[in-house]
Every structure is written in C-alpha cells, then in structure tokens.
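J.: This structure is in structure tokens; I'll ask about it shortly.
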Amino acid sequence: MATSFPGANSWYIAERIDISSCTSDIVNFSAVIVVQRTVGGSDQGPDMSVSTSLVTQTSTQNSTQIIYTWNIISGRTIPANNCPFYIAAKVNLVGTAQPTSGDTYEVWIVTTNGTTTTLSGHF
C-alpha cells in the first residue's frame, strides 16, 4: 500500500510504502520513489523500518526530482518475521504545498519460495 502523509503543515510530506505480507524470506528487494520537486523543495532523506544491516537507502535530487532508492545488501536476506515493514521518502516543500499525484513508486520483491512481486503506481 502506498500512502502520502502530510506533516503538521502542508509543507512537509512523507510518502510511504508498506510491505505488509511476506510468505517467506525476501532474497531480493529493490524500491524507488520519485518525487516531483517544487521550487525550493528539499530532500529530508529516506526512511525505513527494516535494519540498515539488510537494506541500503539513498536519495539524490536534481532541479526537477528527488529520487529515493532502497536495495537489499548482496548476500543478505530479510526474514519473513520482519514483515510488516515500510519504506518512506521524506520531503520538505519549503512553503509550497504540492499535489503528490505526479510522484511514483516501483518495488521489486523476490522470496525464497520463488515468488516475485512487482508493485508500481502513483501516490
């Protein structure tokens, strides 16, 4: 499930994806959230509830977008008992409210039982 959460005011948002059901351990995990950047909007960093010893998280920005990425660390496995977990993109819109309909996400999950799940959409 993908959700956009406004902060205490309209100038801060967190766009979150919940990974709620794991039938077995996750052996491959990648995710990207792309936020369309308003003038002056700034990256406040990625967030997640899974251990940083299992998944890397990075963000980068240019004049039009902020791109957040998460990737499983090679050789690591996310145990099924870590579910549910979330990933989130945090954005400071610096005084400019912004619709989130242009923001996108893609998630790829492969489990030890061979199940591949791909999620994509808009917030």
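Please note that chains go A, B, ... in the order of the structure tokens, that every chain numbers its residues from 1, and that ligands are numbered from 1 in the order shown.
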Using only C-alpha atoms, which protein or nucleic acid residues come within 12 Å of Thr58 in chain A? Drop anything in the same chain fewer than 5 positions from it, and give the result as a ChimeraX atom specification.
T.: /A:30-33,43-48,52,66-72,87-90
J.: Between CA of Pro84 in chain A and CA of Thr112 in chain A, what is the distance in Å, rounded to a tenth?
T.: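 Straight-line distance from CA of Pro84 in chain A to CA of Thr112 in chain A works out to 16.9 Å.
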J.: As JSON, numbers by chain, please: the residues near Gln36 in chain A (cut-off 12 Å, only C-alpha atoms, same-chain neighbours under 6 positions excluded).
T.: {"A": [15, 42, 43, 61, 62, 63, 64, 65, 66, 67, 68, 89, 91, 93, 98, 99, 100, 101, 102, 103, 104, 105, 122, 123]}
J.: Please write the residues from the selection above to a file, keeping C-alpha atoms, as a JSON list (two decimals), in the first residue's frame.
T.:
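Contents of again_13.json, freshly written:
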[["chain", "number", "residue", "atom", "x", "y", "z"],
["A", 15, "GLU", "CA", 5.39, 9.16, 1.02],
["A", 42, "SER", "CA", 14.34, 19.64, -0.45],
["A", 43, "ASP", "CA", 15.17, 16.05, 0.36],
["A", 61, "GLN", "CA", 18.00, 15.32, -6.09],
["A", 62, "ASN", "CA", 18.21, 17.44, -9.21],
["A", 63, "SER", "CA", 16.28, 20.53, -10.29],
["A", 64, "THR", "CA", 13.06, 18.59, -11.04],
["A", 65, "GLN", "CA", 13.03, 15.42, -8.91],
["A", 66, "ILE", "CA", 14.11, 13.78, -5.69],
["A", 67, "ILE", "CA", 14.88, 10.08, -6.16],
["A", 68, "TYR", "CA", 14.88, 7.70, -3.18],
["A", 89, "ALA", "CA", 10.52, 9.33, 1.28],
["A", 91, "VAL", "CA", 10.31, 15.86, 1.69],
["A", 93, "LEU", "CA", 8.37, 21.51, 0.46],
["A", 98, "GLN", "CA", 2.28, 20.26, -3.68],
["A", 99, "PRO", "CA", 0.00, 17.56, -5.05],
["A", 100, "THR", "CA", 1.52, 14.09, -4.93],
["A", 101, "SER", "CA", -0.23, 12.63, -7.98],
["A", 102, "GLY", "CA", 2.93, 13.04, -10.10],
["A", 103, "ASP", "CA", 5.06, 11.11, -7.60],
["A", 104, "THR", "CA", 5.72, 7.47, -8.48],
["A", 105, "TYR", "CA", 6.98, 4.27, -6.91],
["A", 122, "HIS", "CA", 1.36, 6.95, -8.11],
["A", 123, "PHE", "CA", 0.79, 8.46, -4.69]]
J.: If I take CA of Cys83 in chain A and CA of Gln57 in chain A, how far is one from the other in Å, to one decimal?
T.: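 Interatomic distance, CA of Cys83 in chain A to CA of Gln57 in chain A: 17.8 Å.
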J.: Closest to Ser51 in chain A among A:Thr23, A:Tyr86, A:Ile17, A:Val94, using only C-alpha atoms?
T.: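 Looking at the shortest contact to Ser51 in chain A, the residue is A:Tyr86.
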J.: Using Å and a single decimal, report how far CA of Ser49 in chain A sits from CA of Gly114 in chain A.
T.: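 Distance between the two atoms: 23.9 Å.
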J.: Can you list, as a VMD selection string, every residue of chain A that DSSP puts in strand (DSSP E)?
T.: chain A and resid 2 to 6 12 to 19 26 to 36 42 to 48 55 to 61 65 to 72 85 to 92 104 to 111 116 to 122
J.: Which is closer to Val35 in chain A than all the others in A:Leu119, A:Val110, A:Ile78, A:Ile13, using only C-alpha atoms?
T.: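 Closest residue, counting only C-alpha atoms: A:Ile13.
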J.: Would you kindly return, as a PyMOL selection string, each protein, DNA or RNA residue with an atom no farther than 12 Å from any atom of Val27 in chain A, considering only C-alpha atoms and excluding same-chain residues fewer than 5 positions away?
T.: chain A and resi 22+54-55+71-80+108-117
J.: Between A:Ile19, A:Ser53, A:Tyr12, A:Asn81, which residue has the minimum interatomic distance to Thr96 in chain A, considering only C-alpha atoms?
T.: A:Tyr12
